[in-house]
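J.: Structure file data_39.txt (compact mmCIF, C-alpha atoms) right here:
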# COMPACT_ATOMS: atom_id res chain seq x y z
CA MET A 1 -13.75 -8.88 1.53
CA SER A 2 -15.75 -11.19 -0.70
CA SER A 3 -18.34 -13.61 0.61
CA ALA A 4 -15.99 -16.47 -0.25
CA GLU A 5 -13.55 -15.39 2.42
CA PRO A 6 -13.94 -15.24 6.21
CA PRO A 7 -14.49 -11.73 7.58
CA VAL A 8 -11.43 -9.53 7.23
CA LEU A 9 -9.89 -8.51 10.51
CA PRO A 10 -8.47 -5.00 10.83
CA PRO A 11 -4.78 -5.00 9.92
CA SER A 12 -2.65 -5.61 12.99
CA SER A 13 1.06 -5.42 13.75
CA PRO A 14 1.91 -9.08 13.29
CA HIS A 15 5.59 -9.47 14.05
CA ARG A 16 7.85 -8.51 16.88
CA GLY A 17 11.51 -9.09 17.56
CA ASP A 18 14.33 -8.99 15.01
CA ARG A 19 13.51 -5.38 14.21
CA PRO A 20 15.95 -2.61 13.43
CA ALA A 21 16.46 0.21 15.88
CA ALA A 22 14.06 3.10 15.53
CA THR A 23 15.30 5.70 13.10
CA SER A 24 15.58 9.37 14.03
CA GLU A 25 13.11 10.32 11.34
CA PRO A 26 10.98 8.49 8.76
CA PRO A 27 12.09 8.27 5.13
CA SER A 28 11.33 11.37 3.10
CA SER A 29 9.70 9.34 0.30
CA VAL A 30 8.52 5.78 -0.30
CA VAL A 31 7.96 3.92 -3.55
CA VAL A 32 5.67 0.89 -3.23
CA VAL A 33 6.22 -1.53 -6.11
CA GLY A 34 3.11 -3.63 -6.69
CA GLY A 35 -0.57 -2.83 -7.05
CA GLY A 36 -2.14 -5.82 -5.29
CA LEU A 37 -3.30 -6.49 -1.73
CA ALA A 38 0.19 -6.21 -0.18
CA GLY A 39 0.94 -2.96 -2.01
CA ALA A 40 -2.40 -1.40 -1.14
CA GLN A 41 -2.08 -2.42 2.50
CA THR A 42 1.39 -0.85 2.61
CA VAL A 43 0.06 2.48 1.32
CA GLY A 44 -2.83 2.28 3.75
CA ALA A 45 -0.55 1.52 6.71
CA LEU A 46 1.75 4.43 5.87
CA ARG A 47 -1.09 6.95 6.03
CA ARG A 48 -2.83 5.26 8.95
CA ARG A 49 0.38 5.56 10.99
CA GLY A 50 0.63 9.24 10.19
CA TYR A 51 3.30 9.25 7.48
CA THR A 52 3.26 12.58 5.64
CA GLY A 53 6.08 12.01 3.16
CA ARG A 54 5.68 11.35 -0.55
CA VAL A 55 4.21 7.95 -1.48
CA THR A 56 4.27 6.50 -5.00
CA LEU A 57 2.54 3.26 -6.03
CA LEU A 58 3.55 1.37 -9.16
CA GLY A 59 1.23 -1.29 -10.60
CA ALA A 60 1.27 -3.51 -13.66
CA GLU A 61 -2.31 -4.42 -14.60
CA GLY A 62 -3.74 -0.97 -15.30
CA VAL A 63 -6.58 -1.35 -12.78
CA PRO A 64 -6.94 -0.40 -9.08
CA PRO A 65 -5.94 -2.98 -6.44
CA TYR A 66 -8.31 -5.92 -6.01
CA ASP A 67 -8.41 -9.20 -4.09
CA ARG A 68 -7.33 -12.29 -6.03
CA PRO A 69 -9.04 -15.22 -4.21
CA PRO A 70 -12.49 -14.45 -5.68
CA LEU A 71 -11.07 -14.85 -9.20
CA SER A 72 -11.28 -18.63 -8.82
CA LYS A 73 -13.68 -19.07 -5.90
CA GLU A 74 -16.33 -16.78 -7.39
CA LEU A 75 -15.45 -16.92 -11.08
CA LEU A 76 -19.05 -17.31 -12.22
CA SER A 77 -20.87 -15.61 -9.36
CA ARG A 78 -18.85 -12.38 -9.21
CA PRO A 79 -18.35 -10.85 -12.67
CA SER A 80 -16.31 -7.86 -11.48
CA PRO A 81 -13.17 -7.72 -9.32
CA ALA A 82 -13.32 -7.42 -5.54
CA TRP A 83 -11.97 -3.87 -5.42
CA LEU A 84 -9.99 -3.20 -2.25
CA ALA A 85 -11.25 0.38 -2.08
CA GLU A 86 -14.71 -1.08 -1.49
CA ASP A 87 -13.90 -4.24 0.46
CA LEU A 88 -11.16 -2.87 2.74
CA GLY A 89 -11.63 0.88 2.41
CA VAL A 90 -8.08 1.30 1.05
CA ASP A 91 -8.29 3.77 -1.84
CA VAL A 92 -4.74 4.14 -3.10
CA GLU A 93 -5.73 6.93 -5.48
CA ALA A 94 -6.71 9.03 -2.47
CA LEU A 95 -3.86 7.97 -0.21
CA ALA A 96 -0.79 8.04 -2.47
CA ASP A 97 0.73 11.13 -4.05
CA GLU A 98 1.32 9.36 -7.36
CA VAL A 99 -0.29 6.18 -8.66
CA ARG A 100 0.94 4.58 -11.88
CA LEU A 101 -1.20 1.47 -12.30
CA ALA A 102 0.07 0.46 -15.76
CA ASP A 103 3.76 1.29 -15.41
CA PRO A 104 5.52 -1.59 -13.60
CA ALA A 105 9.06 -1.43 -12.29
CA VAL A 106 11.72 -2.99 -14.50
CA ARG A 107 14.92 -2.01 -12.68
CA LEU A 108 16.07 -1.22 -9.14
CA GLU A 109 19.31 0.65 -8.40
CA ARG A 110 20.93 1.50 -5.11
CA ARG A 111 22.66 4.85 -4.94
CA SER A 112 26.15 4.80 -3.47
CA ALA A 113 26.06 8.38 -2.18
CA PRO A 114 25.25 8.52 1.55
CA GLU A 115 23.12 11.62 1.18
CA GLY A 116 19.79 11.99 -0.57
CA ASP A 117 17.47 9.26 -1.79
CA ALA A 118 18.98 5.79 -1.51
CA TRP A 119 17.08 4.03 -4.32
CA VAL A 120 15.99 4.60 -7.90
CA VAL A 121 13.20 2.57 -9.50
CA THR A 122 12.95 2.62 -13.30
CA THR A 123 9.57 1.83 -14.80
CA ARG A 124 8.61 0.31 -18.13
CA SER A 125 7.88 3.76 -19.56
CA GLY A 126 11.40 4.92 -18.67
CA GLU A 127 10.32 7.00 -15.70
CA ARG A 128 12.92 7.06 -12.89
CA GLN A 129 11.48 7.23 -9.38
CA ALA A 130 13.93 8.20 -6.64
CA ALA A 131 13.03 7.29 -3.08
CA ALA A 132 14.50 7.04 0.39
CA ALA A 133 12.72 3.71 0.88
CA VAL A 134 11.30 1.07 -1.45
CA VAL A 135 8.76 -1.61 -0.54
CA LEU A 136 8.64 -4.59 -2.88
CA ALA A 137 5.07 -5.92 -3.04
CA VAL A 138 5.21 -7.39 -6.54
CA GLY A 139 3.40 -10.63 -5.77
CA SER A 140 3.80 -13.70 -7.93
CA THR A 141 3.44 -14.80 -11.51
CA PRO A 142 1.88 -18.10 -12.67
CA VAL A 143 4.11 -20.84 -14.03
CA ARG A 144 3.61 -21.64 -17.71
CA PRO A 145 6.05 -24.38 -18.76
CA VAL A 146 7.89 -24.06 -22.06
CA GLY A 147 5.73 -25.26 -24.92
CA TRP A 148 2.46 -24.61 -23.10
CA GLU A 149 1.55 -21.43 -24.99
CA HIS A 150 -1.87 -22.88 -25.84
CA ALA A 151 -2.77 -23.24 -22.14
CA ARG A 152 -4.65 -20.45 -20.46
CA LEU A 153 -3.87 -19.05 -17.02
CA LEU A 154 -5.97 -17.64 -14.19
CA HIS A 155 -4.05 -14.98 -12.33
CA THR A 156 -5.46 -11.56 -13.21
CA ALA A 157 -8.89 -9.98 -13.47
CA ARG A 158 -8.48 -10.04 -17.25
CA ASP A 159 -7.73 -13.78 -17.14
CA ALA A 160 -10.91 -14.31 -15.10
CA GLU A 161 -12.98 -12.26 -17.54
CA ASP A 162 -11.68 -14.27 -20.51
CA LEU A 163 -12.24 -17.61 -18.80
CA ARG A 164 -15.72 -16.64 -17.63
CA GLY A 165 -16.63 -15.77 -21.21
CA ALA A 166 -15.32 -19.10 -22.49
CA LEU A 167 -17.04 -21.40 -20.00
CA ARG A 168 -20.30 -22.92 -21.18
CA PRO A 169 -22.30 -26.09 -20.62
CA GLY A 170 -20.64 -29.03 -22.35
CA LEU A 171 -17.23 -27.33 -22.69
CA ARG A 172 -14.41 -29.87 -22.48
CA LEU A 173 -12.06 -28.29 -19.94
CA VAL A 174 -8.75 -29.86 -18.95
CA ILE A 175 -7.10 -28.35 -15.87
CA VAL A 176 -3.45 -29.23 -15.32
CA GLY A 177 -2.78 -29.16 -11.59
CA ALA A 178 -4.88 -30.23 -8.61
CA GLY A 179 -3.63 -27.55 -6.24
CA TRP A 180 -5.67 -24.76 -4.68
CA ILE A 181 -6.56 -23.02 -7.95
CA GLY A 182 -7.12 -26.21 -9.95
CA ALA A 183 -9.47 -27.67 -7.34
CA GLU A 184 -11.43 -24.44 -6.93
CA LEU A 185 -11.86 -24.05 -10.68
CA ALA A 186 -12.87 -27.68 -11.13
CA GLY A 187 -15.76 -27.22 -8.74
CA VAL A 188 -16.85 -23.89 -10.25
CA ALA A 189 -16.62 -25.14 -13.85
CA THR A 190 -18.54 -28.37 -13.23
CA GLY A 191 -21.19 -26.32 -11.47
CA GLY A 192 -21.44 -24.28 -14.69
CA GLY A 193 -21.99 -27.38 -16.78
CA ALA A 194 -18.48 -27.89 -18.16
CA ARG A 195 -17.01 -31.37 -18.59
CA VAL A 196 -13.90 -31.16 -16.44
CA THR A 197 -10.79 -33.35 -16.29
CA VAL A 198 -8.06 -32.48 -13.80
CA LEU A 199 -4.53 -33.80 -14.37
CA GLU A 200 -2.13 -34.02 -11.44
CA ALA A 201 1.47 -35.19 -11.71
CA ALA A 202 1.62 -36.18 -8.02
CA PRO A 203 -0.16 -39.28 -6.64
CA THR A 204 -2.66 -37.13 -4.71
CA PRO A 205 -4.19 -33.64 -4.89
CA LEU A 206 -2.45 -30.92 -2.87
CA ARG A 207 0.41 -33.23 -1.93
CA ARG A 208 2.94 -30.43 -1.64
CA GLN A 209 0.62 -28.22 0.39
CA LEU A 210 -1.07 -30.81 2.64
CA GLY A 211 1.05 -33.97 2.39
CA PRO A 212 0.16 -37.27 0.70
CA GLY A 213 -1.90 -38.73 3.54
CA VAL A 214 -4.26 -35.77 3.74
CA GLY A 215 -4.32 -35.20 -0.02
CA ALA A 216 -5.55 -38.72 -0.64
CA HIS A 217 -8.72 -37.96 1.30
CA LEU A 218 -9.53 -35.10 -1.08
CA ALA A 219 -9.40 -37.22 -4.24
CA PRO A 220 -13.00 -38.55 -3.99
CA TRP A 221 -14.34 -34.99 -3.94
CA TYR A 222 -13.74 -34.65 -7.69
CA ALA A 223 -16.02 -37.51 -8.73
CA ALA A 224 -18.62 -36.32 -6.22
CA VAL A 225 -19.12 -33.10 -8.22
CA GLY A 226 -18.80 -34.74 -11.64
CA ALA A 227 -15.16 -33.98 -12.43
CA GLU A 228 -12.56 -36.56 -13.41
CA LEU A 229 -9.24 -36.60 -11.55
CA VAL A 230 -6.22 -38.29 -13.14
CA THR A 231 -3.21 -38.53 -10.83
CA GLY A 232 0.35 -39.49 -11.75
CA ALA A 233 -0.27 -37.75 -15.09
CA ALA A 234 2.78 -36.17 -16.74
CA VAL A 235 1.94 -33.79 -19.59
CA ALA A 236 4.07 -34.20 -22.71
CA GLU A 237 2.38 -31.68 -25.00
CA VAL A 238 -0.31 -29.01 -24.84
CA ARG A 239 -2.07 -28.43 -28.15
CA PRO A 240 -4.95 -26.16 -29.21
CA ASP A 241 -7.27 -29.19 -29.27
CA GLY A 242 -6.09 -31.00 -26.15
CA ILE A 243 -3.24 -32.69 -24.33
CA ARG A 244 -0.91 -35.60 -24.93
CA LEU A 245 0.36 -37.35 -21.81
CA ALA A 246 3.81 -38.84 -21.38
CA ASP A 247 2.33 -42.35 -21.52
CA GLY A 248 0.83 -41.61 -24.96
CA ARG A 249 -2.75 -41.01 -23.91
CA GLU A 250 -4.62 -38.24 -25.73
CA LEU A 251 -7.14 -35.99 -23.99
CA PRO A 252 -9.23 -33.83 -26.33
CA ALA A 253 -10.16 -30.42 -24.92
CA ASP A 254 -11.84 -27.22 -25.99
CA LEU A 255 -9.82 -25.35 -23.39
CA VAL A 256 -6.71 -26.20 -21.37
CA LEU A 257 -5.88 -24.26 -18.21
CA ALA A 258 -2.49 -24.46 -16.49
CA ALA A 259 -2.67 -24.34 -12.68
CA VAL A 260 0.74 -25.73 -11.80
CA GLY A 261 1.87 -23.10 -9.35
CA SER A 262 3.45 -19.66 -9.27
CA ARG A 263 6.76 -17.97 -8.61
CA PRO A 264 7.63 -14.62 -7.04
CA ALA A 265 7.56 -11.91 -9.71
CA THR A 266 11.15 -10.88 -9.01
CA ASP A 267 13.14 -11.68 -12.17
CA TRP A 268 13.60 -7.96 -12.78
CA LEU A 269 15.63 -7.77 -9.55
CA ASP A 270 18.51 -9.88 -10.89
CA GLY A 271 21.82 -8.48 -9.67
CA ALA A 272 20.18 -5.93 -7.39
CA VAL A 273 18.57 -7.91 -4.57
CA PRO A 274 19.47 -11.32 -3.06
CA ARG A 275 16.88 -14.04 -3.79
CA ASP A 276 16.49 -17.69 -2.89
CA VAL A 277 16.06 -20.63 -5.25
CA ARG A 278 12.35 -19.86 -5.64
CA GLY A 279 13.10 -16.29 -6.56
CA SER A 280 11.76 -15.05 -3.22
CA VAL A 281 13.37 -12.14 -1.36
CA PRO A 282 14.52 -13.21 2.14
CA VAL A 283 13.55 -10.67 4.80
CA ASP A 284 13.60 -10.46 8.58
CA ALA A 285 10.52 -10.50 10.80
CA THR A 286 9.73 -6.87 9.93
CA GLY A 287 10.11 -7.29 6.18
CA ALA A 288 13.51 -5.58 5.96
CA VAL A 289 16.00 -6.90 3.41
CA ARG A 290 19.16 -7.50 5.42
CA GLY A 291 22.17 -5.46 4.38
CA LEU A 292 20.16 -3.14 2.12
CA ASP A 293 18.96 -0.20 4.19
CA GLY A 294 15.69 1.28 3.04
CA LEU A 295 14.57 -1.82 1.14
CA TRP A 296 11.62 -3.91 2.30
CA ALA A 297 9.53 -6.75 0.86
CA VAL A 298 6.03 -7.98 1.73
CA GLY A 299 3.51 -10.51 0.48
CA ASP A 300 4.05 -13.26 -2.09
CA CYS A 301 7.49 -12.07 -3.17
CA ALA A 302 9.03 -12.34 0.32
CA THR A 303 10.19 -15.19 2.54
CA ARG A 304 9.72 -13.73 6.00
CA GLU A 305 11.23 -14.82 9.30
CA HIS A 306 8.64 -15.90 11.84
CA PRO A 307 9.71 -15.93 15.51
CA VAL A 308 8.55 -19.55 15.93
CA LEU A 309 8.04 -21.07 12.48
CA GLY A 310 11.30 -19.83 10.98
CA ALA A 311 11.43 -18.79 7.32
CA VAL A 312 7.87 -18.71 5.94
CA PRO A 313 7.56 -18.44 2.13
CA GLY A 314 5.08 -15.94 0.73
CA GLY A 315 1.85 -17.00 -0.90
CA HIS A 316 -0.38 -16.84 2.16
CA TRP A 317 -3.29 -14.43 1.84
CA SER A 318 -2.89 -13.49 5.50
CA ALA A 319 0.69 -12.32 4.90
CA ALA A 320 -0.36 -9.86 2.21
CA LEU A 321 -3.14 -8.62 4.48
CA HIS A 322 -1.28 -8.24 7.79
CA ASP A 323 2.48 -8.04 7.21
CA PRO A 324 2.56 -4.58 5.60
CA ASP A 325 1.50 -2.93 8.86
CA ALA A 326 4.43 -4.43 10.78
CA THR A 327 6.77 -3.44 7.96
CA VAL A 328 5.55 0.15 7.99
CA ALA A 329 5.80 0.24 11.80
CA ALA A 330 9.46 -0.78 11.57
CA MET A 331 10.13 1.65 8.74
CA LEU A 332 8.71 4.56 10.75
CA GLY A 333 10.26 3.49 14.05
CA ASP A 334 6.87 2.91 15.68
CA GLU A 335 6.39 0.57 18.59
CA ASP A 336 5.15 -2.83 17.43
CA THR A 337 3.67 -5.00 20.16
CA GLY A 338 1.33 -7.17 18.11
CA PRO A 339 1.48 -10.98 18.12
CA ALA A 340 2.94 -13.06 15.31
CA HIS A 341 0.11 -14.22 13.08
CA ALA A 342 0.23 -17.76 11.75
CA PRO A 343 0.23 -18.32 7.98
CA TYR A 344 -3.33 -18.85 6.80
CA VAL A 345 -4.94 -20.18 3.60
CA PHE A 346 -8.67 -20.45 2.95
CA SER A 347 -10.11 -22.44 0.06
CA GLN A 348 -13.57 -23.32 -1.22
CA GLN A 349 -13.27 -26.33 -3.47
CA LEU A 350 -15.53 -29.09 -4.77
CA GLY A 351 -18.26 -28.32 -2.27
CA HIS A 352 -15.98 -28.11 0.78
CA ASP A 353 -14.39 -25.34 2.84
CA LEU A 354 -10.74 -25.68 3.89
CA ALA A 355 -8.81 -23.52 6.35
CA LEU A 356 -5.09 -24.20 6.78
CA PHE A 357 -3.03 -22.63 9.56
CA GLY A 358 0.74 -22.97 9.79
CA VAL A 359 3.16 -24.62 7.35
CA PRO A 360 2.81 -28.42 7.03
CA ASP A 361 5.65 -30.62 5.83
CA GLU A 362 5.29 -33.85 3.85
CA ALA A 363 7.26 -35.67 6.54
CA ASP A 364 4.96 -34.59 9.39
CA ASP A 365 3.02 -37.11 11.42
CA VAL A 366 -0.70 -36.43 10.93
CA LEU A 367 -3.47 -37.09 13.45
CA PHE A 368 -7.11 -36.83 12.40
CA ARG A 369 -10.15 -35.52 14.20
CA GLY A 370 -13.30 -37.06 12.71
CA ASP A 371 -13.47 -39.28 9.64
CA PRO A 372 -11.76 -37.71 6.60
CA SER A 373 -12.80 -40.62 4.36
CA GLY A 374 -16.51 -40.14 4.96
CA GLY A 375 -17.02 -36.64 3.64
CA ALA A 376 -16.85 -37.02 -0.13
CA THR A 377 -20.53 -36.24 -0.65
CA GLY A 378 -21.58 -35.04 2.80
CA HIS A 379 -20.21 -32.23 4.92
CA GLU A 380 -19.05 -33.98 8.05
CA GLY A 381 -16.35 -31.74 9.37
CA TRP A 382 -12.90 -33.08 10.18
CA ALA A 383 -9.45 -31.79 11.00
CA ALA A 384 -5.82 -32.79 10.55
CA PHE A 385 -3.10 -31.94 13.07
CA TYR A 386 0.49 -31.88 11.81
CA LEU A 387 3.29 -32.86 14.21
CA ALA A 388 6.95 -32.74 13.27
CA PRO A 389 8.53 -36.22 13.22
CA GLY A 390 9.69 -37.09 16.71
CA SER A 391 7.59 -34.37 18.32
CA ARG A 392 7.35 -34.82 22.05
CA VAL A 393 3.94 -35.78 23.39
CA GLY A 394 3.72 -34.93 27.05
CA THR A 395 1.35 -36.15 29.71
CA THR A 396 -0.53 -33.90 32.11
CA PRO A 397 -3.33 -34.56 34.60
CA ASP A 398 -5.68 -33.58 31.76
CA GLY A 399 -4.17 -36.12 29.34
CA ARG A 400 -1.71 -36.04 26.44
CA VAL A 401 -0.46 -32.68 25.20
CA ALA A 402 1.44 -32.10 21.96
CA GLU A 403 2.70 -29.14 19.98
CA VAL A 404 1.43 -28.99 16.38
CA ARG A 405 2.86 -26.80 13.68
CA ALA A 406 -0.12 -26.82 11.33
CA VAL A 407 -3.85 -27.48 11.43
CA LEU A 408 -6.21 -28.16 8.54
CA LEU A 409 -9.92 -27.64 9.18
CA VAL A 410 -12.40 -29.09 6.69
CA ASP A 411 -16.06 -28.05 6.80
CA SER A 412 -15.59 -26.86 10.39
CA PRO A 413 -16.52 -23.16 10.33
CA ARG A 414 -17.09 -22.89 14.07
CA ASP A 415 -13.50 -24.00 14.76
CA VAL A 416 -11.79 -21.50 12.45
CA GLY A 417 -11.92 -18.57 14.88
CA PRO A 418 -10.65 -20.40 17.99
CA VAL A 419 -7.80 -22.11 16.09
CA ARG A 420 -6.77 -18.87 14.39
CA LYS A 421 -6.68 -16.97 17.67
CA ALA A 422 -4.76 -19.73 19.44
CA MET A 423 -2.14 -20.07 16.69
CA ASN A 424 -1.72 -16.33 16.36
CA ARG A 425 -0.59 -16.10 19.98
CA THR A 426 2.72 -17.81 19.22
CA GLY A 427 2.55 -19.29 15.73
CA ARG A 428 2.51 -22.82 17.07
CA LEU A 429 -0.28 -24.60 18.88
CA ARG A 430 -0.31 -26.87 21.93
CA VAL A 431 -3.33 -29.16 22.05
CA HIS A 432 -4.78 -31.69 24.46
CA LEU A 433 -4.84 -34.66 22.09
CA ASP A 434 -7.49 -36.69 23.87
CA VAL A 435 -9.94 -33.83 23.46
CA ALA A 436 -8.75 -32.65 20.03
CA LEU A 437 -9.12 -36.09 18.44
CA ASP A 438 -12.59 -36.70 19.85
CA PRO A 439 -15.15 -35.15 17.45
CA THR A 440 -17.86 -35.34 20.12
CA ARG A 441 -16.01 -32.73 22.19
CA ARG A 442 -15.45 -29.05 21.39
CA LEU A 443 -12.15 -28.40 19.66
CA ARG A 444 -11.76 -25.08 21.45
CA ASP A 445 -11.54 -27.00 24.73
CA ALA A 446 -8.44 -28.78 23.42
CA LEU A 447 -6.45 -25.62 22.74
CA ALA A 448 -3.84 -25.24 25.46
Before anything else, please render the file you have as structure tokens.
T.:
Amino acid sequence: MSSAEPPVLPPSSPHRGDRPAATSEPPSSVVVVGGGLAGAQTVGALRRRGYTGRVTLLGAEGVPPYDRPPLSKELLSRPSPAWLAEDLGVDVEALADEVRLADPAVRLERRSAPEGDAWVVTTRSGERQAAAAVVLAVGSTPVRPVGWEHARLLHTARDAEDLRGALRPGLRLVIVGAGWIGAELAGVATGGGARVTVLEAAPTPLRRQLGPGVGAHLAPWYAAVGAELVTGAAVAEVRPDGIRLADGRELPADLVLAAVGSRPATDWLDGAVPRDVRGSVPVDATGAVRGLDGLWAVGDCATREHPVLGAVPGGHWSAALHDPDATVAAMLGDEDTGPAHAPYVFSQQLGHDLALFGVPDEADDVLFRGDPSGGATGHEGWAAFYLAPGSRVGTTPDGRVAEVRAVLLVDSPRDVGPVRKAMNRTGRLRVHLDVALDPTRRLRDALA
């Protein structure tokens, strides 16, 4: 894994419960659709668990699997992709029987005959791949609103190469979106000498991901690194030379980059596989698509049932890393006794490190450890604990105890490991509040 990420743990079997009964024999062949982290981990898990059947991997970008987080976090410091064969030791060319890295799937059909292979995947070249089982690991695709053809994107290694070549001191860069990618790029680009303006339609950065109260504390970070943040900014038009806002303001730019989110890359599954309003494929705790035997989905394209947190949308780096092993275990009928890992996001942005565990909601009550308003220029660590509205706070001889469903750690590297381990036990964390909210005491001592 890249230096921008915490050390990669060996893939575990993350989910238990809600699994189909063990089959009498494994599928005779598997097609893995998607050449990213989730797809590579699926191929690796199949061979690691002793599967000897035929494995085919279909990709879209024409390059071997690589890790995406460094594309933004290390845009200027890492000129080549973080190849998974090097970082994780997963060489799909050596593990799979057939690898087609530039021939993405365009159609999925289910055979009605009870015998033989149950699925047929048609690729862009017209190749038809029959398989007893299919694993959808197609990831996501960035959102580019209609009329924004002059805005660039950052999603692929090619996008990163193009953007890296364009950045220069004095470049007027307008980034639309103050989410994870927008914030990371703003810090990297200002560090490279660009003049950066970030436009955010919401009142605060990362409102959807972290809630308005927490997001407001991140706003001063932009000015601290020399970037301008404009919130409540609705974009009316993207032109080659800049942006016009809905209120009539004009922002000249040499380069505009859209960072307004992504959607599961599942449009090609219309009529073949049930999807939710986001386009995500709902699956059970093992990754199986209910009612469609032999079909599985992992990573960004799946909304997976968690035994405690309920339906967890894809998009978490930890899901692409860990979930494929549990899916393969279920597919092969192996015993799966691993704990349920909590969703995890890691971000380096504007001079700060963020680690988010769990799934916050905008309506959550938030309790802070440390002073989140005092770290715009310094690196005083702080944390936010998310409690569902009306959550019960109990009293024990050791003080108040509450269950939290998400934790955000900011500039607190020593707390990442203990919180991750504690949340991974059940997916939800019980904390002794009097200890957790006192920054003079160790956070690990507050984890019940």
J.: With all atoms listed in the file as the atoms that count, which of A:Arg48, A:Arg144, A:Arg290, A:Arg195 lies nearest to A:Glu305?
T.: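 Using all atoms listed in the file, the shortest distance to A:Glu305 belongs to A:Arg290.
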J.: Closest to A:Leu229 among A:Val176, A:Ala157, A:Val256, A:Ala311, using all atoms listed in the file?
T.: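 When distances to A:Leu229 are compared using all atoms listed in the file, the smallest one comes from A:Val176.
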J.: Would you work out the distance separating atom CA of A:Asp353 from atom CA of A:Asp300, expressed in Å to one decimal?
T.: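 Calculated distance between atom CA of A:Asp353 and atom CA of A:Asp300 is 22.6 Å.
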J.: List the spatial neighbours of A:Ala253 as a count of residues only - criterion: any atom at most 10 Å away, all atoms listed in the file, same-chain residues fewer than 5 positions off excluded.
T.: 14
J.: By how many Å are atom CA of A:Ala118 and atom CA of A:Pro26 apart?
T.: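 That distance, rounded to one decimal, is 13.3 Å.
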J.: Pick out the residues sitting within 10 Å of A:Ala234, and hand them over as a list in words; count all atoms listed in the file, and ignore anything fewer than 6 positions along from it in its own chain.
T.: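 Surrounding residues, per the criterion: Val176, Leu199, Glu200, Ala201, Ala202, Arg244, Leu245, Ala246 and Asp247 of chain A.
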J.: How many Å separate atom CA of A:Gly374 from atom CA of A:Ser77?
T.: 28.7 Å
J.: A:Ala388, A:Ala151, A:Leu108, A:Val92: which is nearest A:Asp365, counting only C-alpha atoms?
T.: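 Distance minimum relative to A:Asp365 lands on A:Ala388.
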J.: Counting only C-alpha atoms, which of A:Ala272, A:Ala406, A:Ala342, A:Val401 gets nearest to A:Ala436?
T.: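 Nearest to A:Ala436: A:Val401.
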J.: At a cut-off of 8 Å from (-6.3, -38.4, 6.3) in the coordinates of the file, what residues are picked up using only C-alpha atoms, written as a list in words?
T.: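 Residues close enough to count: Gly213, Val214, Gly215, Ala216, His217, Val366, Leu367, Phe368, Asp371, Pro372, Ser373 and Ala384 of chain A.
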J.: Rank nothing, just name the residue among A:Gly226, A:Gly299, A:Gly170, A:Pro343 nearest to A:Pro324, using only C-alpha atoms.
T.: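 For A:Pro324, the nearest of the candidates is A:Gly299.
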J.: Pick from A:Ala329, A:Arg207, A:Val416, A:Asp267: nearest to A:Ala288, with only C-alpha atoms counted?
T.: A:Ala329
J.: Could you name the residues that touch A:Pro439 at 12 Å or less, counting all atoms listed in the file, but leaving out those on the same chain fewer than 6 positions away, as a list in words?
T.: Phe368, Arg369, Gly370, Asp371, Pro372, Glu380, Gly381, Trp382, Ala383, Ala384, Ser412, Asp415, Leu433, Asp445 and Ala446 of chain A
